[in-house]
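> Got a file for you: coords25.cif, mmCIF, C-alpha atoms.
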```cif
data_start
#
loop_
_atom_site.label_atom_id
_atom_site.label_comp_id
_atom_site.auth_asym_id
_atom_site.auth_seq_id
_atom_site.Cartn_x
_atom_site.Cartn_y
_atom_site.Cartn_z
CA MET A 63 -12.62 185.55 71.89
CA GLY A 64 -11.36 182.00 72.44
CA ILE A 65 -13.53 180.38 69.76
CA ALA A 66 -13.15 183.28 67.31
CA ASN A 67 -9.38 183.23 67.72
CA ALA A 68 -9.39 179.48 67.07
CA GLN A 69 -11.44 180.08 63.93
CA ARG A 70 -8.88 182.61 62.71
CA THR A 71 -6.15 180.04 63.35
CA LEU A 72 -8.08 177.47 61.32
CA ASN A 73 -8.14 179.99 58.47
CA HIS A 74 -4.35 180.10 58.49
CA ILE A 75 -4.01 176.33 58.76
CA ARG A 76 -6.24 176.00 55.72
CA ILE A 77 -4.39 178.64 53.68
CA ILE A 78 -0.96 177.18 54.51
CA THR A 79 -2.13 173.63 53.75
CA GLN A 80 -3.43 174.76 50.37
CA PHE A 81 -0.09 176.36 49.52
CA ILE A 82 2.26 173.59 50.65
CA SER A 83 0.11 170.88 49.06
CA GLN A 84 0.79 172.25 45.58
CA PRO A 85 2.99 169.94 43.46
CA GLN A 86 5.75 172.55 43.47
CA TYR A 87 6.13 172.34 47.26
CA LYS A 88 4.64 169.12 48.63
CA ASN A 89 7.90 167.17 48.40
CA VAL A 90 9.82 170.02 50.04
CA ILE A 91 7.42 170.52 52.98
CA PRO A 92 6.32 167.02 54.03
CA VAL A 93 5.17 167.92 57.57
CA PHE A 94 2.94 170.69 58.92
CA GLY A 95 2.99 171.32 62.68
CA VAL A 96 -0.35 173.03 63.17
CA ILE A 97 0.15 174.37 66.73
CA ASN A 98 3.46 174.82 68.55
CA GLU A 99 3.54 173.78 72.21
CA ALA A 100 -0.18 174.02 72.92
CA ARG A 101 -0.58 174.77 76.63
CA MET A 102 -2.50 171.69 77.64
CA GLY A 103 -2.72 172.71 81.28
CA ILE A 104 -4.66 175.85 80.33
CA ILE A 105 -6.54 174.80 77.19
CA GLN A 106 -7.35 171.32 78.57
CA ARG A 107 -7.47 168.09 76.63
CA ASP A 108 -11.03 168.02 75.28
CA PRO A 109 -11.05 171.42 73.51
CA LEU A 110 -7.58 170.75 72.12
CA GLU A 111 -8.56 167.36 70.70
CA ARG A 112 -11.61 168.93 69.09
CA PHE A 113 -9.45 171.64 67.55
CA TYR A 114 -6.97 169.07 66.21
CA MET A 115 -9.84 167.04 64.75
CA GLU A 116 -11.22 170.10 62.98
CA ALA A 117 -7.75 171.00 61.66
CA TYR A 118 -7.30 167.41 60.45
CA ASN A 119 -10.64 167.49 58.63
CA ILE A 120 -9.73 170.80 56.98
CA MET A 121 -6.34 169.49 55.88
CA ARG A 122 -7.56 166.17 54.50
CA ASN A 123 -10.48 167.86 52.75
CA ILE A 124 -7.78 169.70 50.81
CA THR A 125 -5.22 166.94 50.30
CA GLY A 126 -7.27 163.78 50.20
CA ILE A 127 -6.22 160.57 51.95
CA GLY A 128 -3.06 158.60 51.33
CA GLU A 129 0.70 158.72 50.95
CA GLY A 130 1.94 161.61 48.85
CA LYS A 131 -1.23 163.66 49.23
CA GLY A 132 -0.11 166.77 51.03
CA PRO A 133 1.78 166.97 54.32
CA TRP A 134 1.74 164.88 57.45
CA MET A 135 -0.12 166.64 60.24
CA SER A 136 2.08 167.09 63.31
CA VAL A 137 0.49 167.69 66.73
CA HIS A 138 2.42 168.68 69.83
CA ASP A 139 2.07 166.57 72.97
CA GLY A 140 1.28 169.57 75.18
CA PHE A 141 4.15 168.41 77.42
CA GLU A 142 2.06 165.45 78.53
CA PRO A 143 3.61 161.96 78.70
CA LEU A 144 3.65 160.40 75.24
CA ASP A 145 1.60 157.40 76.35
CA HIS A 146 -1.34 159.76 77.01
CA TRP A 147 -1.61 160.08 73.22
CA ALA A 148 -1.53 156.39 72.34
CA ASP A 149 -5.23 156.32 71.39
CA PHE A 150 -5.37 159.76 69.78
CA MET A 151 -7.19 159.92 66.44
CA PRO A 152 -7.08 156.17 65.68
CA GLY A 153 -7.14 155.47 61.96
CA GLY A 154 -6.07 159.01 61.11
CA ASP A 155 -4.12 159.58 57.92
CA ARG A 156 -0.45 160.49 58.44
CA ILE A 157 -0.57 162.04 61.90
CA MET A 158 2.70 162.66 63.71
CA LEU A 159 3.19 163.23 67.44
CA ASP A 160 5.70 165.96 68.26
CA ALA A 161 7.57 166.10 71.59
CA HIS A 162 10.12 168.66 72.76
CA PRO A 163 12.29 166.64 75.16
CA TYR A 164 14.33 169.27 76.97
CA PHE A 165 16.03 168.60 80.30
CA VAL A 166 16.74 172.12 81.53
CA PHE A 167 13.43 173.72 82.50
CA ASP A 168 12.89 172.04 85.86
CA VAL A 169 15.36 170.53 88.35
CA GLN A 170 18.90 171.69 87.63
CA ASP A 171 21.48 168.91 87.38
CA LEU A 172 24.86 170.00 88.77
CA SER A 173 26.73 166.81 87.92
CA PRO A 174 29.55 167.06 85.36
CA VAL A 175 28.41 166.76 81.76
CA ALA A 176 30.46 163.58 81.42
CA GLU A 177 28.05 161.98 83.91
CA GLN A 178 24.98 163.14 81.96
CA THR A 179 25.77 161.83 78.48
CA LYS A 180 23.28 158.94 78.71
CA LYS A 181 20.42 160.99 80.15
CA PRO A 182 18.45 161.06 76.85
CA CYS A 183 18.78 157.28 76.69
CA THR A 184 17.82 156.49 80.27
CA GLN A 185 15.02 159.07 80.61
CA ARG A 186 13.34 159.22 77.19
CA ALA A 187 14.37 156.43 74.78
CA ALA A 188 11.90 153.82 76.05
CA GLU A 189 9.07 156.36 75.98
CA PHE A 190 9.78 157.27 72.35
CA ASN A 191 10.06 153.63 71.30
CA THR A 192 6.79 152.75 73.02
CA SER A 193 5.04 155.68 71.34
CA MET A 194 6.32 154.54 67.93
CA ALA A 195 4.78 151.13 68.63
CA THR A 196 1.44 152.38 69.97
CA PHE A 197 0.65 155.81 68.53
CA GLY A 198 2.81 155.72 65.41
CA MET A 199 5.28 158.28 64.05
CA THR A 200 6.74 160.16 67.01
CA THR A 201 9.38 162.86 66.65
CA ALA A 202 11.47 165.21 68.73
CA GLY A 203 10.53 168.42 66.97
CA GLU A 204 12.81 170.37 69.29
CA PHE A 205 15.74 169.39 71.50
CA SER A 206 19.25 170.67 72.09
CA ASN A 207 22.60 169.89 73.67
CA ALA A 208 21.67 171.91 76.74
CA PHE A 209 22.15 170.20 80.11
CA ASN A 210 21.58 173.50 81.96
CA ASP A 211 19.62 176.64 81.08
CA CYS A 212 22.61 178.90 80.52
CA GLY A 213 22.51 181.06 77.41
CA PHE A 214 22.28 184.69 76.41
CA PHE A 215 18.65 185.79 76.92
CA PHE A 216 17.76 182.10 76.80
CA ASN A 217 14.82 182.35 79.22
CA GLY A 218 13.83 185.79 77.94
CA VAL A 219 15.39 189.22 77.68
CA LYS A 220 17.28 189.95 80.89
CA LEU A 221 15.47 187.19 82.80
CA GLY A 222 18.55 185.26 83.88
CA ALA A 223 18.99 181.51 84.41
CA ARG A 224 17.94 178.87 86.90
CA TYR A 225 21.43 177.41 86.96
CA ASP A 226 23.06 180.51 88.45
CA GLY A 227 20.07 181.71 90.47
CA THR A 228 19.26 184.81 88.41
CA PHE A 229 15.91 183.54 87.07
CA SER A 230 13.22 184.63 89.53
CA GLY A 231 10.63 182.16 88.25
CA TYR A 232 12.49 179.12 89.57
CA SER A 233 12.50 177.90 93.19
CA GLY A 234 13.41 174.25 92.66
CA PRO A 235 16.48 172.26 93.69
CA ASN A 236 20.00 173.45 92.84
CA GLY A 237 18.93 176.86 91.60
CA GLY A 238 21.87 179.26 91.86
CA ALA A 239 24.40 176.57 92.62
CA GLY A 240 26.12 176.74 89.23
CA SER A 241 27.86 179.40 87.17
CA CYS A 242 26.73 180.18 83.63
CA VAL A 243 29.81 182.08 82.47
CA LYS A 244 31.67 178.94 81.42
CA TRP A 245 28.75 177.33 79.59
CA MET A 246 28.10 180.48 77.57
CA ASP A 247 31.61 180.45 76.09
CA ASP A 248 32.84 177.22 74.51
CA ARG A 249 36.43 178.55 74.46
CA LEU A 250 36.46 177.70 78.17
CA TRP A 251 35.58 174.03 77.64
CA SER A 252 38.20 171.32 77.81
CA ALA A 253 38.58 168.76 75.03
CA ALA A 254 37.05 166.16 77.36
CA GLU A 255 34.01 168.37 78.03
CA LYS A 256 33.48 168.94 74.31
CA GLU A 257 33.63 165.21 73.70
CA ALA A 258 31.12 164.61 76.52
CA ILE A 259 28.72 167.10 74.93
CA ARG A 260 29.20 165.36 71.58
CA GLN A 261 28.31 162.05 73.26
CA TYR A 262 25.25 163.74 74.78
CA ALA A 263 24.19 164.66 71.24
CA LEU A 264 24.72 161.09 70.02
CA SER A 265 22.56 159.77 72.85
CA SER A 266 19.82 162.24 71.93
CA PHE A 267 19.95 161.26 68.26
CA ASP A 268 19.62 157.57 69.08
CA ALA A 269 16.96 158.02 71.76
CA PHE A 270 14.67 160.23 69.66
CA GLN A 271 15.43 158.72 66.21
CA HIS A 272 13.35 161.26 64.26
CA PHE A 273 14.23 164.82 65.19
CA PHE A 274 14.91 168.48 64.52
CA PHE A 275 17.68 170.07 66.60
CA TRP A 276 16.83 173.48 68.06
CA THR A 277 18.39 175.35 66.44
CA TRP A 278 20.62 175.35 63.37
CA LYS A 279 22.38 178.65 64.02
CA VAL A 280 22.69 181.09 66.91
CA GLY A 281 24.18 184.43 65.95
CA PRO A 282 26.93 186.20 67.89
CA ALA A 283 25.96 188.37 70.86
CA THR A 284 27.45 191.81 70.36
CA THR A 285 27.37 192.46 74.12
CA TRP A 286 29.15 189.18 74.84
CA GLY A 287 32.38 189.74 72.96
CA ASN A 288 30.68 189.15 69.60
CA ARG A 289 30.63 185.44 70.43
CA VAL A 290 27.93 182.79 70.22
CA ALA A 291 26.72 183.01 73.82
CA SER A 292 24.29 180.07 73.64
CA PRO A 293 26.64 177.43 72.19
CA LEU A 294 24.65 174.45 73.51
CA TRP A 295 21.77 175.51 71.26
CA SER A 296 23.64 176.00 67.96
CA TYR A 297 24.07 172.95 65.71
CA LYS A 298 26.25 174.91 63.30
CA HIS A 299 28.54 176.18 66.05
CA GLY A 300 28.79 172.68 67.47
CA LEU A 301 29.79 171.25 64.09
CA GLU A 302 32.47 173.88 63.69
CA ASN A 303 33.87 173.39 67.18
CA GLY A 304 33.74 169.65 67.73
CA PHE A 305 30.77 169.08 70.03
CA ILE A 306 28.21 168.00 67.41
CA PRO A 307 28.92 164.79 65.42
CA THR A 308 29.73 165.40 61.77
CA ASP A 309 27.70 162.32 60.77
CA PRO A 310 24.42 161.80 62.68
CA ARG A 311 24.42 158.13 61.65
CA GLU A 312 27.24 157.60 64.11
CA ALA A 313 24.53 157.72 66.79
CA THR A 314 23.11 154.30 65.91
CA GLY A 315 23.41 152.13 69.01
CA ALA A 316 24.51 154.95 71.32
CA CYS A 317 21.77 153.99 73.79
CA GLY A 318 22.76 150.34 73.80
CA GLY A 319 19.51 148.87 72.49
CA GLY A 320 17.84 148.47 75.87
CA SER A 321 14.30 149.11 74.58
CA PRO A 322 14.36 148.78 70.81
CA TRP A 323 11.45 149.51 68.53
CA ALA A 324 11.45 146.88 65.81
CA GLY A 325 9.25 148.64 63.26
CA PRO A 326 8.21 149.27 60.61
CA LEU A 327 5.13 151.40 61.06
CA PRO A 328 1.98 149.72 59.71
CA ALA A 329 0.71 150.99 56.36
CA SER A 330 -2.34 152.51 58.04
CA LYS A 331 -0.03 154.91 59.92
CA THR A 332 1.81 156.10 56.81
CA GLY A 333 -0.97 156.73 54.32
CA GLY A 334 -1.39 153.16 53.10
CA ALA A 335 -4.26 150.70 53.43
CA GLY A 336 -6.49 151.55 56.39
CA ALA A 337 -5.46 155.21 56.62
CA GLY A 338 -8.21 157.77 57.05
CA THR A 339 -10.62 155.44 58.81
CA ILE A 340 -11.26 157.25 62.10
CA PRO A 341 -14.22 155.56 63.84
CA ALA A 342 -17.46 157.55 63.58
CA ALA A 343 -18.01 157.38 67.34
CA TYR A 344 -14.58 158.92 67.95
CA SER A 345 -15.25 161.79 65.52
CA THR A 346 -18.76 162.41 66.86
CA ALA A 347 -17.41 162.77 70.39
CA ARG A 348 -15.00 165.48 69.19
CA THR A 349 -17.12 167.79 67.09
CA TRP A 350 -16.21 171.45 66.66
CA PRO A 351 -16.62 173.90 68.32
CA PRO A 352 -16.20 172.66 71.89
CA PRO A 353 -19.15 173.03 74.25
CA SER A 354 -16.89 174.46 76.95
CA LEU A 355 -13.47 176.02 77.42
CA SER A 356 -11.22 176.29 80.44
CA GLY A 357 -13.13 178.30 83.03
CA ILE A 358 -16.06 178.86 80.66
CA PRO A 359 -18.68 176.11 81.08
CA ASN A 360 -20.82 177.34 78.18
CA ALA A 361 -18.69 178.25 75.18
CA ALA A 362 -21.84 179.16 73.23
CA THR A 363 -21.78 182.51 75.05
CA LEU A 364 -18.50 183.43 73.36
CA PRO A 365 -18.22 185.50 70.18
CA THR A 366 -17.70 183.55 66.96
CA TYR A 367 -17.04 184.34 63.32
CA THR A 368 -18.92 183.17 60.24
CA ALA A 369 -17.50 181.22 57.28
CA THR A 370 -18.52 183.73 54.61
CA GLY A 371 -15.28 185.58 53.95
CA THR A 372 -13.43 185.93 50.66
CA ILE A 373 -10.85 183.20 50.08
CA ARG A 374 -7.27 184.43 50.27
CA SER A 375 -4.18 182.47 49.27
CA LEU A 376 -0.47 182.80 49.90
CA SER A 377 1.56 184.30 47.08
CA HIS A 378 4.82 182.76 45.92
CA ALA A 379 8.23 184.40 45.86
CA GLU A 380 9.36 186.17 42.69
CA PHE A 381 12.86 185.58 41.33
CA THR A 382 14.13 187.75 38.49
CA GLY A 383 16.64 185.07 37.53
CA ALA A 384 13.89 182.51 36.90
CA PRO A 385 11.13 184.22 34.94
CA GLY A 386 8.25 182.22 33.63
CA ILE A 387 8.38 179.35 36.11
CA ASN A 388 5.07 177.93 37.31
CA ALA A 389 5.17 178.59 41.04
CA GLY A 390 1.50 177.80 41.60
CA ASN A 391 -1.45 179.99 42.48
CA GLY A 392 -1.41 179.16 46.21
CA TRP A 393 -4.58 177.03 46.16
CA ALA A 394 -3.90 173.33 45.58
CA ASN A 395 -7.52 172.15 45.69
CA SER A 396 -9.79 174.41 43.65
CA ALA A 397 -12.86 172.50 44.86
CA ASP A 398 -12.34 173.92 48.36
CA GLN A 399 -14.45 177.06 48.10
CA VAL A 400 -16.02 177.49 51.55
CA GLY A 401 -15.54 181.04 52.79
CA LEU A 402 -12.95 182.00 55.38
CA TYR A 403 -14.01 182.84 58.93
CA VAL A 404 -14.74 186.57 59.27
CA PRO A 405 -16.62 188.75 61.78
CA VAL A 406 -20.39 188.72 61.47
CA ALA A 407 -21.51 191.97 59.87
CA GLY A 408 -23.04 194.40 62.33
CA CYS A 409 -21.91 192.50 65.41
CA ALA A 410 -19.99 193.89 68.36
CA TYR A 411 -16.68 192.25 69.26
CA PRO A 412 -14.06 193.09 71.88
CA SER A 413 -11.75 195.88 70.71
CA SER A 414 -8.80 193.53 71.05
CA ALA A 415 -8.57 189.79 70.55
CA TRP A 416 -6.70 189.67 73.87
CA GLY A 417 -8.45 192.53 75.67
CA ASP A 418 -10.70 192.79 78.69
CA ALA A 419 -13.97 190.92 79.01
CA VAL A 420 -16.85 192.39 77.05
CA ALA A 421 -19.11 194.60 79.15
CA ALA A 422 -22.34 192.92 80.17
CA THR A 423 -24.31 195.44 78.11
CA GLN A 424 -22.37 194.69 74.93
CA THR A 425 -23.48 191.96 72.55
CA ALA A 426 -21.48 189.56 70.47
CA CYS A 427 -22.69 187.53 67.53
CA THR A 428 -22.33 183.89 66.80
CA GLY A 429 -21.79 182.74 63.26
CA THR A 430 -25.24 181.17 63.02
CA ALA A 431 -28.06 182.90 61.18
CA ALA A 432 -27.05 186.36 62.39
CA ALA A 433 -28.08 185.42 65.92
CA LYS A 434 -26.88 187.66 68.73
CA ARG A 435 -26.19 186.59 72.27
CA ALA A 436 -25.14 188.70 75.22
CA VAL A 437 -21.68 187.92 76.52
CA ARG A 438 -21.51 188.16 80.25
CA GLY A 439 -18.58 190.09 81.63
CA ARG A 440 -17.67 187.52 84.23
CA TYR A 441 -15.47 185.56 81.79
CA ALA A 442 -12.13 187.31 81.70
CA LEU A 443 -10.25 187.13 78.40
CA PRO A 444 -6.47 186.60 78.26
CA ARG A 445 -4.29 189.67 78.50
CA GLU A 446 -1.40 190.40 76.20
CA THR A 447 1.98 189.84 77.83
CA GLY A 448 3.79 193.13 78.38
CA ALA A 449 7.29 193.89 77.15
CA PRO A 450 10.13 192.67 79.42
CA ALA A 451 11.62 195.28 81.72
#
```
Let's see the structure in the file written out as structure tokens.

Amino acid sequence: MGIANAQRTLNHIRIITQFISQPQYKNVIPVFGVINEARMGIIQRDPLERFYMEAYNIMRNITGIGEGKGPWMSVHDGFEPLDHWADFMPGGDRIMLDAHPYFVFDVQDLSPVAEQTKKPCTQRAAEFNTSMATFGMTTAGEFSNAFNDCGFFFNGVKLGARYDGTFSGYSGPNGGAGSCVKWMDDRLWSAAEKEAIRQYALSSFDAFQHFFFWTWKVGPATTWGNRVASPLWSYKHGLENGFIPTDPREATGACGGGSPWAGPLPASKTGGAGAGTIPAAYSTARTWPPPSLSGIPNAATLPTYTATGTIRSLSHAEFTGAPGINAGNGWANSADQVGLYVPVAGCAYPSSAWGDAVAATQTACTGTAAAKRAVRGRYALPRETGAPA
């Protein structure tokens, strides 16, 4: 169901783009991240680029080209080096590259936090600046103050942490050498440690420049003394307790200017002259759907949907205190009337979008002229992840 699931996702991208491109919302929601943390190692680059190109075409068909016309399209880097994206979608209109520069999911650093405050500067600042100069707008759509992976259920419910050796999925250096108890309770931190964490935040702000901290607020853990037990991940808690700067502008120059990006972005990267001029050869090489998927050399054997479904739009919120306001009808561009992707009538599909491979005797339809093709059972479909123990 890989192609069919992608088609369903494109439905949602289209519906959301239509809603947030309405004049009531377009200045409130200026960026749309279409896929969060796409697993490049599994999906592979070619199918993902084709999907992004199709999503881009759908979005710009709705919004049109140019500054102020709907949201920027944000694409995640798939945890690949940023320079691998330097030539991605050249001439595209308002495309943003999203990175999630965390430091805690691989080798555990046991050095004191005071010795790690410049890590964002030394390890990522130059990469972000180079990407701004080559690709264009590059953001840190997620990052935190975490310098270890300690936090209540941080890696998953009851899965433990690399830092203290309780996370079974880690076998790298320094696993189990630290203790998480202290870093899950900021009452145990000295004033010097809080200041070091604040400096770590300033380095991150300056290194990444354009960013969203993950996350604004972490609620108290009732089984941890009703305290915030992931304090390195809570911006609000950091503000209230002195380890997040009260003014982010204080970060300017925290990295020392070793690899500055002079700017500004060219007009073609921000919806001005030259935007929306992707070369025809580039687009032709990335048509949708992909001819193959990971482990499936002929994607034409996979089930697909057909674009004949009834159009559905998002509804707006109702507020009794503001009757009569024009909140929009959910569909910014009324000229966009192509049907949504739906199952082909009379065709057999797997009982679950994530279930077992279709039996060799079962058929699945493509979305072309009611054609039916047998789907061979040798291509295993993904399985749904079970609930944690």
> Name the residues that the PyMOL selection byres ((chain A and resi 319) around 10) picks from the file above, as a ChimeraX atom specification, using the file's chain letters and numbers.
/A:183,187-188,268-269,314-318,320-323
> Report, in Å with one decimal, the straight-line distance from atom CA of Thr368 of chain A to atom CA of Pro412 of chain A.
16.0 Å
> Enumerate, as an MDAnalysis selection string, the residues matched when the PyMOL selection byres ((chain A and resi 344-349) around 12) is run on the file above.
chainID A and resid 107:119 149:154 338:343 350:354
> Identify the residues within 10 Å of coordinate (10.1, 153.2, 71.6) (same frame as the file), considering all atoms listed in the file, and give the answer as an mmCIF file with C-alpha atoms, in the coordinates of the input.

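To be explicit, this is the file written out as result_3.cif:
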```
data_model
loop_
_atom_site.group_PDB
_atom_site.id
_atom_site.type_symbol
_atom_site.label_atom_id
_atom_site.label_comp_id
_atom_site.auth_asym_id
_atom_site.auth_seq_id
_atom_site.Cartn_x
_atom_site.Cartn_y
_atom_site.Cartn_z
ATOM 1 C CA ARG A 186 13.340 159.220 77.190
ATOM 2 C CA ALA A 187 14.370 156.430 74.780
ATOM 3 C CA ALA A 188 11.900 153.820 76.050
ATOM 4 C CA GLU A 189 9.070 156.360 75.980
ATOM 5 C CA PHE A 190 9.780 157.270 72.350
ATOM 6 C CA ASN A 191 10.060 153.630 71.300
ATOM 7 C CA THR A 192 6.790 152.750 73.020
ATOM 8 C CA SER A 193 5.040 155.680 71.340
ATOM 9 C CA MET A 194 6.320 154.540 67.930
ATOM 10 C CA ALA A 195 4.780 151.130 68.630
ATOM 11 C CA THR A 196 1.440 152.380 69.970
ATOM 12 C CA GLY A 198 2.810 155.720 65.410
ATOM 13 C CA THR A 200 6.740 160.160 67.010
ATOM 14 C CA ALA A 269 16.960 158.020 71.760
ATOM 15 C CA PHE A 270 14.670 160.230 69.660
ATOM 16 C CA GLN A 271 15.430 158.720 66.210
ATOM 17 C CA SER A 321 14.300 149.110 74.580
ATOM 18 C CA PRO A 322 14.360 148.780 70.810
ATOM 19 C CA TRP A 323 11.450 149.510 68.530
ATOM 20 C CA ALA A 324 11.450 146.880 65.810
ATOM 21 C CA GLY A 325 9.250 148.640 63.260
#
```
> For a quick check of understanding, using all atoms listed in the file, which of A:Ser396, A:Ser136, A:Thr125, A:Gln69 has the smallest distance to Lys88 of chain A?
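Closest to Lys88 of chain A, using all atoms listed in the file: A:Thr125.
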> Given the file shown, determine the residues that the PyMOL selection byres ((chain A and resi 227) around 8) selects; report them as a PyMOL selection string.
chain A and resi 222-226+228-230+237-240
> In Å to one decimal, how far is atom CA of Arg101 of chain A from atom CA of Ala202 of chain A?
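Taking atom CA of Ala202 of chain A as the start and atom CA of Arg101 of chain A as the end point, the length is 17.3 Å.
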> Please return as a VMD selection string every residue within 6 Å of (35.4, 165.9, 71.9), taking into account all atoms listed in the file and the file's own coordinates.
chain A and resid 253 to 254 256 to 257 304 to 305
> A:Glu380, A:Asp309, A:Asp211, A:Asp139: which is nearest Gly103 of chain A, counting all atoms listed in the file?
A:Asp139
